[in-house]
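As stored in model.cif (mmCIF, C-alpha atoms):
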```cif
data_entry
loop_
_atom_site.label_atom_id
_atom_site.label_comp_id
_atom_site.auth_asym_id
_atom_site.auth_seq_id
_atom_site.Cartn_x
_atom_site.Cartn_y
_atom_site.Cartn_z
CA MET A 235 180.49 30.87 -11.06
CA GLY A 236 179.93 28.03 -13.56
CA LYS A 237 180.35 28.11 -17.30
CA LYS A 238 177.52 25.75 -18.19
CA SER A 239 175.78 26.90 -21.35
CA GLY A 240 173.93 23.76 -22.43
CA PHE A 241 176.02 23.52 -25.59
CA THR A 242 179.11 21.40 -26.12
CA SER A 243 182.26 23.01 -27.49
CA ALA A 244 181.55 21.43 -30.89
CA GLU A 245 178.05 22.93 -30.88
CA ILE A 246 179.44 26.36 -29.99
CA GLU A 247 181.87 26.11 -32.91
CA GLU A 248 178.94 25.18 -35.16
CA ILE A 249 176.95 28.18 -33.84
CA LYS A 250 179.89 30.47 -34.57
CA ARG A 251 180.27 29.02 -38.07
CA LEU A 252 176.56 29.38 -38.86
CA TYR A 253 176.48 32.94 -37.53
CA LEU A 254 179.73 34.30 -38.95
CA GLN A 255 180.36 32.33 -42.15
CA GLU A 256 176.86 31.51 -43.34
CA GLY A 257 175.23 34.68 -42.01
CA ARG A 258 172.42 32.84 -40.23
CA SER A 259 170.32 34.82 -37.78
CA ILE A 260 170.15 34.08 -34.08
CA LEU A 261 166.54 32.98 -34.63
CA GLN A 262 167.51 30.40 -37.27
CA ILE A 263 170.38 28.71 -35.41
CA PRO A 264 168.35 26.88 -32.70
CA LYS A 265 166.02 25.54 -35.40
CA ILE A 266 168.98 24.27 -37.44
CA LEU A 267 170.64 22.64 -34.43
CA GLY A 268 167.36 21.34 -33.03
CA LYS A 269 168.46 22.53 -29.62
CA GLY A 270 168.33 25.66 -27.52
CA SER A 271 166.54 28.97 -27.91
CA GLU A 272 167.25 32.41 -29.30
CA ASN A 273 168.40 33.54 -25.87
CA SER A 274 170.70 30.55 -25.28
CA VAL A 275 172.34 31.04 -28.71
CA ARG A 276 172.82 34.75 -27.98
CA ASN A 277 174.40 33.87 -24.61
CA ALA A 278 176.70 31.27 -26.22
CA LEU A 279 177.88 33.81 -28.80
CA HIS A 280 178.45 36.35 -26.05
CA LYS A 281 180.48 33.87 -23.99
CA ALA A 282 182.51 33.02 -27.11
CA ARG A 283 183.14 36.77 -27.49
CA VAL A 284 181.58 36.98 -30.95
CA LYS A 285 180.51 40.49 -31.90
CA PRO A 286 177.13 41.00 -33.56
CA VAL A 287 177.29 41.09 -37.35
CA SER A 288 177.03 44.63 -38.62
CA TYR A 289 175.23 44.89 -41.92
CA THR A 290 176.18 48.54 -42.31
CA HIS A 291 179.71 47.61 -43.42
CA LEU A 292 178.57 45.30 -46.20
CA THR A 293 178.72 46.70 -49.71
CA LEU A 294 176.48 45.74 -52.55
CA PRO A 295 178.07 44.56 -55.78
CA THR A 296 178.08 47.18 -58.52
CA LYS A 297 177.26 46.58 -62.13
CA ALA A 298 180.22 46.82 -64.49
#
```

Output the structure of this file as structure tokens.
Amino acid sequence: MGKKSGFTSAEIEEIKRLYLQEGRSILQIPKILGKGSENSVRNALHKARVKPVSYTHLTLPTKA
């Protein structure tokens, strides 16, 4: 079974950075890269073993 995803390793690293560090959505990433689709980005993240971002664990800043 092949591992062809349509993205280079550098592009996959960029996808991971956009998703995890910048908090970009899966819909935004193909538009930023100018390549791929929502489904191909989701598959690339899955192959890279990146878990979906859970917004339930984020806390809002409190006023002091």

| task | List, as a PyMOL selection string, every residue that the PyMOL selection byres ((chain A and resi 245) around 12) selects in the file provided. | result | chain A and resi 239-244+246-252+263-264+266-270+274-275+278-279+282

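Non-sequential neighbours of Arg276 (chain A) (distance at most 7 Å, separation of 4 or more positions within a chain, only C-alpha atoms) are Ile260, Glu272 and His280 of chain A.
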
One decimal place gives the CA of Gln262 (chain A)-CA of Lys285 (chain A) separation as 17.3 Å

Test item: axis-aligned box, all listed atoms of region 248-255 of chain A, 8 Å on each side, centre and edges in Å rounded to one decimal, as JSON:
```
{"center_x": 178.4, "center_y": 29.7, "center_z": -38.0, "size_x": 19.9, "size_y": 25.1, "size_z": 24.3}
```
